[in-house]
Amino acid sequence: MLSRAQNEMLTRTGPGTAMGELFRRFWIPALLSRELPERDGPPMRVRLLGEDLIAFRDSEGRVGLVDSRCPHRGASLFFGRNEECGIRCAYHGWKFDVNGSCVDLPTMPRGASGYEKLRSKVHLTAYPTREWGEFVWAFLGPPDAMPELPEMEFALLPPAHRFVAKKLQECNWAQAAEGGIDTAHFSFLHAPVAREEAALRDVIADMTKGYSARTMGQNQIRWMQNDGAPRYTVVKHDAGLLLGAARHADDGALYWRIAQYLLPNHGYAPGTARGENYHGQTWVPIDDENCWVYTYTWNPERPISEAERNSYKGGASIHAEVDANWKPLRNRENEYMLDRDMQKRENFTGIKGISEQDAAIQDSQGRIADRTREQLGPTDAGVVQFRRLMLQLARDLREGRAPEAARLPAAYRVRSGAIVAPGSLPFSEVMAERFGHELGRFDQEAAPPVPAREVAK
Ligand code: FES
Ligand SMILES: [Fe+2]
């Protein structure tokens, strides 16, 4: 349970808010690279942390992310012309480059006295961008605090080894993020209702398309069905939180599902057995009542197959089935196409898709969940630690202490995943057994971010 003031602090990310300032100390995904496929193509509206921005790819392939309003008289640059290395306002032709500098001011004769003075004074707010892992990342914080990009594994790998997408979610970022941290819900929200082997087979095959249950198969579903009260171990590390949840498996063994939360807004899913695909999500506030969920799957050992890509596009695992604007087909407006018959016979919710089940239940907590009325129990340990950490970092920043994680890009080189281990094994040894490191670190070679001009066609 949080006080009203704490809930406000956790959930508000607009300019000047404590959490908003914390987010602005990290690189944040602003869009997918493929949303701006061509140089001098159409500009695009981007709402990010409550700020209305325009993104465009210039003639050299660089991505500009600028204030949506022209500094002349406030016309929207969405209507602007993206031409010759800059965006030109459609109202009176003032033109700006990706850095926000005014490069042409055609409402004054070039040689006129005062032209240069006005041109150099006029400035459009522009945020630095980098393309990395097929995302366009933006830094909305103070220029002298700009860190390196976080070395997340999906972005370090060659493109063939990853699949990235996004989906709109119509609620506050924090409750969506808490859904990724609270791995106890899998025993219910995502569970099939059948318990006989034969009936389970079809349901599981559908639920787990491209998901890790394929190898651990029906066992892991059974362990999750039978043990709805996993025991949590939470370990704080340089980039965030490591969250282990142990359920009873067979013969005294424990089935560990281990997630990672990476600051300020990335979560890695816990179900990956050795050799399988890894999955992650990044919750990016559009404003306080909506967020983009960036969803990514990667495999360090082999490329993602065509069949897997198609299953993810169709909404398998953490990915959603979306329309051309990245809005899930099963969404708030249509009650996620809840089917009560399916709920009786097949799965716990009557909703198709793990991602859609998550969205339905997180959205149902309200546009901004009211954490002053909750009653928390032992399986909420991860959620409690997440809130404590985020609130502490936001308060620290207010008092002048910047978040260290932003300055430690290599601390993001961690994995999440699942393993069955003897019941007596301490968590650190379970981690060593599954990942070769007690915090889940890996030693992938670092690849530098791809410069924008090499990405653009
Ligand atoms: S409002 Fe943009 S040039 Fe006048
Ligand atoms: Fe979930």
# chains A, B, ... in the order shown; residues from 1 in each chain; ligands from 1
>>> residues_around(residues="Asp341 in chain A", least_positions_apart="6", cutoff="12 Å", atoms="only C-alpha atoms", output="PyMOL selection string")
chain A and resi 193+347-351
>>> write_last_selection(atoms="N, CA, C and O atoms", output="PDB file, in the first residue's frame")
ATOM      1  N   VAL A 193      -7.532 -23.894 -17.736  1.00  0.00           N
ATOM      2  CA  VAL A 193      -8.357 -24.405 -16.642  1.00  0.00           C
ATOM      3  C   VAL A 193      -8.412 -25.922 -16.606  1.00  0.00           C
ATOM      4  O   VAL A 193      -8.662 -26.518 -15.572  1.00  0.00           O
ATOM      5  N   ASN A 347      -9.383 -21.361 -20.661  1.00  0.00           N
ATOM      6  CA  ASN A 347      -8.374 -20.660 -19.869  1.00  0.00           C
ATOM      7  C   ASN A 347      -9.029 -19.785 -18.807  1.00  0.00           C
ATOM      8  O   ASN A 347     -10.234 -19.569 -18.809  1.00  0.00           O
ATOM      9  N   PHE A 348      -8.203 -19.296 -17.910  1.00  0.00           N
ATOM     10  CA  PHE A 348      -8.680 -18.632 -16.706  1.00  0.00           C
ATOM     11  C   PHE A 348      -9.467 -17.360 -16.982  1.00  0.00           C
ATOM     12  O   PHE A 348     -10.370 -16.999 -16.232  1.00  0.00           O
ATOM     13  N   THR A 349      -9.089 -16.656 -18.080  1.00  0.00           N
ATOM     14  CA  THR A 349      -9.688 -15.336 -18.350  1.00  0.00           C
ATOM     15  C   THR A 349     -10.765 -15.337 -19.421  1.00  0.00           C
ATOM     16  O   THR A 349     -11.586 -14.421 -19.466  1.00  0.00           O
ATOM     17  N   GLY A 350     -10.699 -16.295 -20.353  1.00  0.00           N
ATOM     18  CA  GLY A 350     -11.570 -16.208 -21.526  1.00  0.00           C
ATOM     19  C   GLY A 350     -11.053 -15.203 -22.544  1.00  0.00           C
ATOM     20  O   GLY A 350     -11.762 -14.807 -23.460  1.00  0.00           O
ATOM     21  N   ILE A 351      -9.812 -14.791 -22.369  1.00  0.00           N
ATOM     22  CA  ILE A 351      -9.190 -13.835 -23.301  1.00  0.00           C
ATOM     23  C   ILE A 351      -8.034 -14.535 -23.997  1.00  0.00           C
ATOM     24  O   ILE A 351      -7.268 -15.271 -23.375  1.00  0.00           O
TER      25      ILE A 351
END
>>> select_by_dssp(residues="range 183-374 of chain A", states="helix (DSSP H, G or I)", output="tab-separated table (two decimals) with N, CA and C atoms, in the first residue's frame")
chain	number	residue	atom	x	y	z
A	183	THR	N	5.41	-12.00	-10.91
A	183	THR	CA	5.33	-13.22	-11.72
A	183	THR	C	4.42	-14.28	-11.09
A	184	ALA	N	3.92	-14.00	-9.88
A	184	ALA	CA	3.02	-14.96	-9.22
A	184	ALA	C	1.71	-15.11	-10.00
A	185	HIS	N	1.33	-14.06	-10.73
A	185	HIS	CA	0.02	-14.10	-11.39
A	185	HIS	C	-0.08	-15.15	-12.48
A	186	PHE	N	1.07	-15.65	-12.94
A	186	PHE	CA	1.04	-16.64	-14.02
A	186	PHE	C	0.24	-17.88	-13.63
A	187	SER	N	0.24	-18.20	-12.34
A	187	SER	CA	-0.50	-19.39	-11.87
A	187	SER	C	-2.00	-19.25	-12.08
A	197	GLU	N	-4.42	-34.32	-18.79
A	197	GLU	CA	-3.34	-34.22	-19.79
A	197	GLU	C	-3.85	-33.94	-21.19
A	198	ALA	N	-4.85	-34.72	-21.62
A	198	ALA	CA	-5.29	-34.60	-23.01
A	198	ALA	C	-5.89	-33.22	-23.28
A	199	ALA	N	-6.71	-32.78	-22.35
A	199	ALA	CA	-7.36	-31.49	-22.56
A	199	ALA	C	-6.35	-30.35	-22.49
A	200	LEU	N	-5.33	-30.56	-21.67
A	200	LEU	CA	-4.31	-29.52	-21.51
A	200	LEU	C	-3.50	-29.31	-22.78
A	201	ARG	N	-3.29	-30.41	-23.50
A	201	ARG	CA	-2.34	-30.36	-24.61
A	201	ARG	C	-2.67	-29.26	-25.61
A	202	ASP	N	-3.94	-29.20	-26.05
A	202	ASP	CA	-4.32	-28.21	-27.06
A	202	ASP	C	-4.20	-26.79	-26.51
A	203	VAL	N	-4.67	-26.63	-25.28
A	203	VAL	CA	-4.66	-25.30	-24.68
A	203	VAL	C	-3.22	-24.81	-24.55
A	204	ILE	N	-2.35	-25.69	-24.10
A	204	ILE	CA	-0.95	-25.29	-23.91
A	204	ILE	C	-0.30	-24.98	-25.25
A	205	ALA	N	-0.58	-25.81	-26.25
A	205	ALA	CA	0.01	-25.58	-27.56
A	205	ALA	C	-0.36	-24.17	-28.04
A	206	ASP	N	-1.57	-23.75	-27.80
A	206	ASP	CA	-2.02	-22.44	-28.24
A	206	ASP	C	-1.40	-21.33	-27.39
A	207	MET	N	-1.39	-21.54	-26.09
A	207	MET	CA	-0.87	-20.53	-25.17
A	207	MET	C	0.61	-20.27	-25.35
A	213	ALA	N	7.37	-22.70	-22.71
A	213	ALA	CA	6.76	-23.92	-22.18
A	213	ALA	C	6.97	-25.10	-23.10
A	214	ARG	N	7.35	-24.83	-24.33
A	214	ARG	CA	7.56	-25.90	-25.27
A	214	ARG	C	8.51	-26.98	-24.73
A	215	THR	N	9.57	-26.59	-24.12
A	215	THR	CA	10.52	-27.59	-23.64
A	215	THR	C	10.16	-28.13	-22.26
A	216	MET	N	9.89	-27.22	-21.37
A	216	MET	CA	9.52	-27.72	-20.05
A	216	MET	C	8.11	-28.29	-20.12
A	217	GLY	N	7.45	-27.96	-21.22
A	217	GLY	CA	6.19	-28.58	-21.58
A	217	GLY	C	5.13	-28.45	-20.51
A	218	GLN	N	4.36	-29.53	-20.38
A	218	GLN	CA	3.22	-29.47	-19.49
A	218	GLN	C	3.64	-29.41	-18.03
A	219	ASN	N	4.87	-29.81	-17.75
A	219	ASN	CA	5.29	-29.81	-16.35
A	219	ASN	C	5.22	-28.42	-15.74
A	220	GLN	N	5.77	-27.45	-16.48
A	220	GLN	CA	5.82	-26.13	-15.85
A	220	GLN	C	4.43	-25.54	-15.67
A	221	ILE	N	3.51	-25.84	-16.57
A	221	ILE	CA	2.14	-25.36	-16.40
A	221	ILE	C	1.53	-26.02	-15.16
A	222	ARG	N	1.80	-27.32	-15.02
A	222	ARG	CA	1.26	-28.04	-13.87
A	222	ARG	C	1.84	-27.49	-12.56
A	223	TRP	N	3.17	-27.25	-12.58
A	223	TRP	CA	3.78	-26.70	-11.35
A	223	TRP	C	3.18	-25.34	-11.01
A	224	MET	N	2.94	-24.54	-12.04
A	224	MET	CA	2.37	-23.21	-11.78
A	224	MET	C	0.92	-23.32	-11.32
A	225	GLN	N	0.19	-24.26	-11.96
A	225	GLN	CA	-1.21	-24.46	-11.54
A	225	GLN	C	-1.29	-24.91	-10.09
A	226	ASN	N	-0.36	-25.79	-9.71
A	226	ASN	CA	-0.45	-26.42	-8.39
A	226	ASN	C	0.12	-25.56	-7.26
A	306	GLU	N	11.81	-17.73	-39.05
A	306	GLU	CA	10.69	-17.08	-39.72
A	306	GLU	C	9.37	-17.48	-39.05
A	307	ALA	N	9.27	-18.78	-38.72
A	307	ALA	CA	8.04	-19.27	-38.07
A	307	ALA	C	7.82	-18.56	-36.74
A	308	GLU	N	8.90	-18.38	-35.99
A	308	GLU	CA	8.79	-17.67	-34.70
A	308	GLU	C	8.37	-16.22	-34.91
A	309	ARG	N	9.01	-15.56	-35.91
A	309	ARG	CA	8.64	-14.16	-36.18
A	309	ARG	C	7.15	-14.04	-36.48
A	310	ASN	N	6.67	-14.99	-37.30
A	310	ASN	CA	5.24	-14.94	-37.65
A	310	ASN	C	4.37	-15.16	-36.42
A	311	SER	N	4.80	-16.06	-35.55
A	311	SER	CA	3.98	-16.30	-34.35
A	311	SER	C	3.98	-15.06	-33.45
A	312	TYR	N	5.13	-14.36	-33.36
A	312	TYR	CA	5.16	-13.14	-32.53
A	312	TYR	C	4.30	-12.04	-33.16
A	313	LYS	N	4.36	-11.94	-34.49
A	313	LYS	CA	3.50	-10.93	-35.15
A	313	LYS	C	2.03	-11.25	-34.88
A	332	ARG	N	-9.24	-2.33	-24.60
A	332	ARG	CA	-10.18	-1.76	-23.62
A	332	ARG	C	-11.59	-1.58	-24.20
A	333	GLU	N	-11.66	-1.06	-25.44
A	333	GLU	CA	-12.98	-0.74	-26.02
A	333	GLU	C	-13.84	-1.97	-26.26
A	334	ASN	N	-13.21	-3.09	-26.64
A	334	ASN	CA	-14.03	-4.27	-26.95
A	334	ASN	C	-13.91	-5.35	-25.87
A	335	GLU	N	-13.57	-4.93	-24.64
A	335	GLU	CA	-13.44	-5.85	-23.50
A	335	GLU	C	-12.49	-7.01	-23.83
A	336	TYR	N	-11.48	-6.71	-24.68
A	336	TYR	CA	-10.44	-7.70	-25.00
A	336	TYR	C	-11.06	-8.97	-25.62
A	337	MET	N	-12.27	-8.79	-26.20
A	337	MET	CA	-13.01	-9.89	-26.84
A	337	MET	C	-13.16	-11.08	-25.89
A	340	ARG	N	-16.87	-15.80	-22.56
A	340	ARG	CA	-17.19	-16.48	-21.29
A	340	ARG	C	-17.18	-18.00	-21.43
A	341	ASP	N	-17.47	-18.48	-22.63
A	341	ASP	CA	-17.44	-19.92	-22.85
A	341	ASP	C	-15.99	-20.43	-22.77
A	342	MET	N	-15.09	-19.66	-23.40
A	342	MET	CA	-13.66	-19.99	-23.33
A	342	MET	C	-13.19	-19.95	-21.88
A	343	GLN	N	-13.73	-19.00	-21.12
A	343	GLN	CA	-13.34	-18.86	-19.71
A	343	GLN	C	-13.78	-20.08	-18.89
A	344	LYS	N	-14.93	-20.67	-19.26
A	344	LYS	CA	-15.41	-21.87	-18.56
A	344	LYS	C	-14.55	-23.08	-18.87
A	345	ARG	N	-14.20	-23.20	-20.16
A	345	ARG	CA	-13.63	-24.47	-20.61
A	345	ARG	C	-12.13	-24.46	-20.86
A	354	ILE	N	-1.40	-14.06	-24.10
A	354	ILE	CA	-0.81	-13.70	-22.80
A	354	ILE	C	-0.72	-12.18	-22.66
A	355	SER	N	-0.29	-11.53	-23.73
A	355	SER	CA	-0.15	-10.07	-23.69
A	355	SER	C	-1.50	-9.39	-23.45
A	356	GLU	N	-2.53	-9.90	-24.11
A	356	GLU	CA	-3.86	-9.31	-23.96
A	356	GLU	C	-4.44	-9.60	-22.58
A	357	GLN	N	-4.13	-10.79	-22.03
A	357	GLN	CA	-4.58	-11.10	-20.66
A	357	GLN	C	-3.95	-10.12	-19.68
A	358	ASP	N	-2.65	-9.87	-19.87
A	358	ASP	CA	-1.96	-8.90	-19.01
A	358	ASP	C	-2.60	-7.52	-19.13
A	359	ALA	N	-2.81	-7.08	-20.38
A	359	ALA	CA	-3.36	-5.73	-20.60
A	359	ALA	C	-4.74	-5.60	-19.97
A	360	ALA	N	-5.58	-6.61	-20.17
A	360	ALA	CA	-6.95	-6.54	-19.66
A	360	ALA	C	-6.95	-6.31	-18.16
A	361	ILE	N	-6.12	-7.08	-17.47
A	361	ILE	CA	-6.19	-7.05	-16.01
A	361	ILE	C	-5.49	-5.82	-15.46
A	362	GLN	N	-4.42	-5.39	-16.12
A	362	GLN	CA	-3.72	-4.16	-15.68
A	362	GLN	C	-4.58	-2.93	-15.96
A	363	ASP	N	-5.19	-2.89	-17.15
A	363	ASP	CA	-6.10	-1.76	-17.46
A	363	ASP	C	-7.26	-1.72	-16.46
A	371	ARG	N	-3.20	2.83	-5.34
A	371	ARG	CA	-2.43	1.95	-4.46
A	371	ARG	C	-2.67	2.25	-2.99
A	372	THR	N	-3.56	3.21	-2.69
A	372	THR	CA	-3.84	3.52	-1.28
A	372	THR	C	-4.83	2.53	-0.69
A	373	ARG	N	-5.46	1.72	-1.55
A	373	ARG	CA	-6.52	0.83	-1.06
A	373	ARG	C	-6.15	-0.64	-1.17
>>> residues_near_ligand(ligand="ligand 1", cutoff="10 Å", atoms="only C-alpha atoms and all ligand atoms", output="compact mmCIF listing (two decimals) with N, CA and C atoms, in the first residue's frame")
# COMPACT_ATOMS: atom_id res chain seq x y z
N ARG A 69 5.62 22.23 -31.58
CA ARG A 69 5.16 23.59 -31.92
C ARG A 69 6.27 24.44 -32.49
N CYS A 70 5.99 25.06 -33.61
CA CYS A 70 6.92 25.99 -34.23
C CYS A 70 7.11 27.20 -33.31
N PRO A 71 8.37 27.62 -33.08
CA PRO A 71 8.59 28.75 -32.17
C PRO A 71 8.10 30.08 -32.75
N HIS A 72 7.75 30.13 -34.04
CA HIS A 72 7.25 31.40 -34.59
C HIS A 72 5.90 31.72 -33.99
N ARG A 73 4.85 31.01 -34.42
CA ARG A 73 3.54 31.30 -33.84
C ARG A 73 2.80 30.04 -33.43
N GLY A 74 3.57 28.99 -33.19
CA GLY A 74 2.99 27.82 -32.54
C GLY A 74 2.24 26.84 -33.44
N ALA A 75 2.44 26.92 -34.75
CA ALA A 75 1.79 25.93 -35.63
C ALA A 75 2.42 24.56 -35.39
N SER A 76 1.66 23.49 -35.66
CA SER A 76 2.20 22.15 -35.45
C SER A 76 3.13 21.76 -36.61
N LEU A 77 4.30 21.31 -36.23
CA LEU A 77 5.26 20.88 -37.26
C LEU A 77 4.91 19.52 -37.85
N PHE A 79 2.52 19.19 -39.69
CA PHE A 79 2.12 19.54 -41.05
C PHE A 79 3.31 20.01 -41.88
N GLY A 80 4.49 20.01 -41.24
CA GLY A 80 5.67 20.55 -41.91
C GLY A 80 6.17 19.70 -43.06
N ARG A 88 10.47 22.00 -42.30
CA ARG A 88 10.06 23.37 -42.59
C ARG A 88 8.60 23.53 -42.21
N CYS A 89 8.31 24.52 -41.36
CA CYS A 89 6.95 24.76 -40.91
C CYS A 89 6.08 25.13 -42.12
N ALA A 90 4.88 24.55 -42.17
CA ALA A 90 4.01 24.78 -43.32
C ALA A 90 3.32 26.15 -43.27
N TYR A 91 3.43 26.85 -42.13
CA TYR A 91 2.70 28.12 -42.01
C TYR A 91 3.46 29.26 -42.71
N HIS A 92 4.73 29.54 -42.27
CA HIS A 92 5.48 30.63 -42.88
C HIS A 92 6.89 30.20 -43.30
N GLY A 93 7.11 28.88 -43.30
CA GLY A 93 8.35 28.39 -43.89
C GLY A 93 9.60 28.40 -43.02
N TRP A 94 9.50 28.70 -41.74
CA TRP A 94 10.71 28.62 -40.91
C TRP A 94 11.18 27.16 -40.89
N LYS A 95 12.51 27.00 -40.93
CA LYS A 95 13.04 25.64 -41.06
C LYS A 95 14.07 25.33 -39.97
N ASP A 104 16.66 28.39 -41.64
CA ASP A 104 16.11 29.31 -42.64
C ASP A 104 14.93 30.03 -42.03
N LEU A 105 14.81 31.32 -42.39
CA LEU A 105 13.78 32.17 -41.80
C LEU A 105 13.24 33.05 -42.92
N PRO A 106 12.48 32.45 -43.82
CA PRO A 106 12.17 33.14 -45.08
C PRO A 106 11.18 34.30 -44.97
N THR A 107 10.68 34.57 -43.76
CA THR A 107 9.79 35.73 -43.61
C THR A 107 10.58 37.02 -43.47
>>> atom_distance(atom1="CA of Pro264 in chain A", atom2="CA of Leu49 in chain A")
12.9 Å
>>> closest_residue(among="A:Glu116, A:Asp182, A:Glu404, A:Glu60", to="ligand 2", atoms="only C-alpha atoms and all ligand atoms")
A:Asp182
>>> residues_around(residues="Glu148 in chain A", least_positions_apart="2", cutoff="10 Å", atoms="only C-alpha atoms", output="PyMOL selection string")
chain A and resi 26-27+145-146+150-151+406-410
>>> write_last_selection(atoms="C-alpha atoms", output="PDB file, in the first residue's frame")
ATOM      1  CA  PHE A  26      17.975   7.559 -18.837  1.00  0.00           C
ATOM      2  CA  TRP A  27      17.706   6.842 -22.571  1.00  0.00           C
ATOM      3  CA  ALA A 145      23.852  14.302 -17.741  1.00  0.00           C
ATOM      4  CA  MET A 146      23.580  12.275 -20.965  1.00  0.00           C
ATOM      5  CA  PRO A 150      22.252   0.562 -21.666  1.00  0.00           C
ATOM      6  CA  GLU A 151      23.948  -2.628 -22.909  1.00  0.00           C
ATOM      7  CA  ALA A 406      22.301   5.434 -15.840  1.00  0.00           C
ATOM      8  CA  ARG A 407      26.084   5.695 -15.615  1.00  0.00           C
ATOM      9  CA  LEU A 408      26.644   1.928 -15.590  1.00  0.00           C
ATOM     10  CA  PRO A 409      25.630   0.664 -19.052  1.00  0.00           C
ATOM     11  CA  ALA A 410      27.524  -2.626 -18.588  1.00  0.00           C
TER      12      ALA A 410
END
>>> closest_residue(among="A:Ser68, A:Asn82, A:Asn299, A:Ser317", to="ligand 2", atoms="only C-alpha atoms and all ligand atoms")
A:Ser317
>>> residues_around(residues="range 32-39 of chain A", least_positions_apart="5", cutoff="10 Å", atoms="only C-alpha atoms", output="short mmCIF file (atom, residue, chain, number, x, y, z; two decimals) with N, CA, C and O atoms, in the first residue's frame")
data_model
loop_
_atom_site.label_atom_id
_atom_site.label_comp_id
_atom_site.auth_asym_id
_atom_site.auth_seq_id
_atom_site.Cartn_x
_atom_site.Cartn_y
_atom_site.Cartn_z
N MET A 44 6.31 12.35 -37.91
CA MET A 44 5.38 11.56 -37.13
C MET A 44 5.19 12.19 -35.75
O MET A 44 6.13 12.73 -35.17
N ALA A 55 8.77 13.53 -34.67
CA ALA A 55 9.97 12.81 -35.09
C ALA A 55 10.04 12.84 -36.61
O ALA A 55 9.02 12.72 -37.28
N PHE A 56 11.25 13.02 -37.13
CA PHE A 56 11.43 12.95 -38.58
C PHE A 56 12.82 12.42 -38.89
O PHE A 56 13.75 12.60 -38.09
N ARG A 57 12.96 11.75 -40.04
CA ARG A 57 14.27 11.27 -40.46
C ARG A 57 14.75 12.20 -41.58
O ARG A 57 14.07 12.32 -42.60
N ASP A 58 15.89 12.82 -41.37
CA ASP A 58 16.32 13.84 -42.33
C ASP A 58 17.03 13.23 -43.55
O ASP A 58 17.13 12.00 -43.67
N SER A 59 17.52 14.08 -44.43
CA SER A 59 18.11 13.62 -45.70
C SER A 59 19.35 12.76 -45.47
O SER A 59 19.75 12.00 -46.34
N GLU A 60 19.98 12.90 -44.30
CA GLU A 60 21.17 12.09 -44.02
C GLU A 60 20.85 10.86 -43.18
O GLU A 60 21.74 10.13 -42.77
N GLY A 61 19.58 10.63 -42.88
CA GLY A 61 19.19 9.44 -42.12
C GLY A 61 19.13 9.67 -40.63
O GLY A 61 18.76 8.78 -39.87
N ARG A 62 19.50 10.89 -40.19
CA ARG A 62 19.45 11.17 -38.74
C ARG A 62 17.99 11.37 -38.30
O ARG A 62 17.18 11.90 -39.06
N VAL A 63 17.70 10.95 -37.06
CA VAL A 63 16.34 11.12 -36.56
C VAL A 63 16.28 12.36 -35.66
O VAL A 63 17.02 12.47 -34.68
N ASN A 82 9.35 17.80 -44.65
CA ASN A 82 10.63 17.24 -44.26
C ASN A 82 11.53 17.27 -45.49
O ASN A 82 11.37 16.46 -46.39
N GLU A 83 12.43 18.25 -45.56
CA GLU A 83 13.16 18.45 -46.81
C GLU A 83 14.58 18.93 -46.54
O GLU A 83 14.82 19.72 -45.63
N GLU A 84 15.51 18.47 -47.32
CA GLU A 84 16.91 18.92 -47.30
C GLU A 84 17.43 19.18 -45.89
O GLU A 84 17.73 20.30 -45.52
N CYS A 85 17.51 18.10 -45.14
CA CYS A 85 18.10 18.16 -43.80
C CYS A 85 17.41 19.10 -42.83
O CYS A 85 18.06 19.84 -42.09
N ARG A 130 19.37 8.17 -30.58
CA ARG A 130 20.32 7.13 -31.04
C ARG A 130 19.48 5.94 -31.51
O ARG A 130 18.45 5.64 -30.90
N GLU A 131 19.95 5.25 -32.54
CA GLU A 131 19.27 4.02 -32.96
C GLU A 131 20.08 2.83 -32.46
O GLU A 131 21.29 2.76 -32.67
N TRP A 132 19.37 1.92 -31.82
CA TRP A 132 20.05 0.87 -31.05
C TRP A 132 19.04 -0.25 -30.85
O TRP A 132 17.97 -0.01 -30.29
N GLY A 133 19.32 -1.42 -31.39
CA GLY A 133 18.38 -2.53 -31.25
C GLY A 133 17.06 -2.29 -31.96
O GLY A 133 16.03 -2.78 -31.52
N GLU A 134 17.12 -1.51 -33.06
CA GLU A 134 15.92 -1.19 -33.86
C GLU A 134 14.94 -0.26 -33.15
O GLU A 134 13.79 -0.12 -33.58
N PHE A 135 15.34 0.33 -32.05
CA PHE A 135 14.56 1.40 -31.42
C PHE A 135 15.24 2.73 -31.71
O PHE A 135 16.47 2.78 -31.80
N VAL A 136 14.45 3.79 -31.76
CA VAL A 136 15.01 5.13 -31.67
C VAL A 136 14.91 5.53 -30.20
O VAL A 136 13.81 5.63 -29.66
N TRP A 137 16.05 5.69 -29.56
CA TRP A 137 16.08 6.07 -28.15
C TRP A 137 16.24 7.58 -28.07
O TRP A 137 16.90 8.19 -28.93
N VAL A 164 11.59 -7.29 -32.64
CA VAL A 164 11.10 -6.21 -31.79
C VAL A 164 9.77 -5.67 -32.32
O VAL A 164 9.53 -5.67 -33.52
N ALA A 165 8.91 -5.26 -31.40
CA ALA A 165 7.60 -4.73 -31.78
C ALA A 165 7.14 -3.80 -30.66
O ALA A 165 7.88 -3.56 -29.70
N LYS A 166 5.93 -3.28 -30.78
CA LYS A 166 5.39 -2.50 -29.66
C LYS A 166 3.87 -2.60 -29.65
O LYS A 166 3.27 -3.07 -30.62
N TYR A 294 7.14 -1.61 -25.41
CA TYR A 294 8.06 -2.15 -26.41
C TYR A 294 8.32 -3.60 -26.03
O TYR A 294 8.66 -3.89 -24.87
N ASN A 325 -1.56 0.78 -36.34
CA ASN A 325 -1.10 1.82 -35.42
C ASN A 325 -0.62 1.25 -34.08
O ASN A 325 -0.56 1.97 -33.09
N ALA A 452 22.81 6.28 -37.18
CA ALA A 452 21.52 6.43 -37.85
C ALA A 452 21.64 6.32 -39.36
O ALA A 452 20.82 5.71 -40.00
N ARG A 453 22.67 6.88 -39.93
CA ARG A 453 22.71 6.91 -41.40
C ARG A 453 22.92 5.53 -42.00
O ARG A 453 22.61 5.30 -43.16
N VAL A 455 21.38 2.89 -40.78
CA VAL A 455 20.10 2.19 -40.60
C VAL A 455 19.11 2.61 -41.68
O VAL A 455 18.40 1.80 -42.23
N ALA A 456 19.13 3.90 -42.01
CA ALA A 456 18.13 4.41 -42.96
C ALA A 456 18.37 3.89 -44.36
O ALA A 456 19.49 3.64 -44.75
N LYS A 457 17.25 3.73 -45.10
CA LYS A 457 17.39 3.30 -46.49
C LYS A 457 17.75 4.50 -47.35
O LYS A 457 17.38 5.60 -47.05
#
>>> atom_distance(atom1="CA of Pro159 in chain A", atom2="CA of Val66 in chain A")
27.7 Å
>>> select_by_dssp(residues="range 108-274 of chain A", states="strand (DSSP E or B)", output="JSON, numbers by chain")
{"A": [123, 126, 127, 129, 130, 131, 132, 135, 136, 137, 138, 162, 163, 164, 165, 166, 167, 168, 169, 192, 231, 232, 233, 234, 235, 236, 237, 240, 241, 242, 243, 244, 245, 246, 247, 248, 253, 254, 255, 256, 257, 258, 259, 260, 261, 262, 266, 267, 268]}
>>> closest_residue(among="A:Val414, A:Val234, A:Leu140, A:Ile258", to="Gly20 in chain A", atoms="only C-alpha atoms")
A:Leu140
>>> closest_residue(among="A:Val383, A:Ile318, A:Ala246, A:Leu425", to="ligand 2", atoms="only C-alpha atoms and all ligand atoms")
A:Ile318
>>> atom_distance(atom1="CA of Leu156 in chain A", atom2="CA of Gly436 in chain A")
19.4 Å
>>> closest_residue(among="A:Gln260, A:Gln385, A:Asn290, A:Ser424", to="Gly50 in chain A", atoms="only C-alpha atoms")
A:Asn290
>>> residues_around(residues="Thr125 in chain A", least_positions_apart="4", cutoff="12 Å", atoms="only C-alpha atoms", output="list in words")
Glu51, Asp52, Leu53, Ile54, Gly64, Leu65, Val66, Asp67, Ser68, Arg69, Cys70, Pro71, Phe96, Asp97, Val98, Asn99, Gly100, Ser101, Cys102, Leu140 and Gly141 of chain A
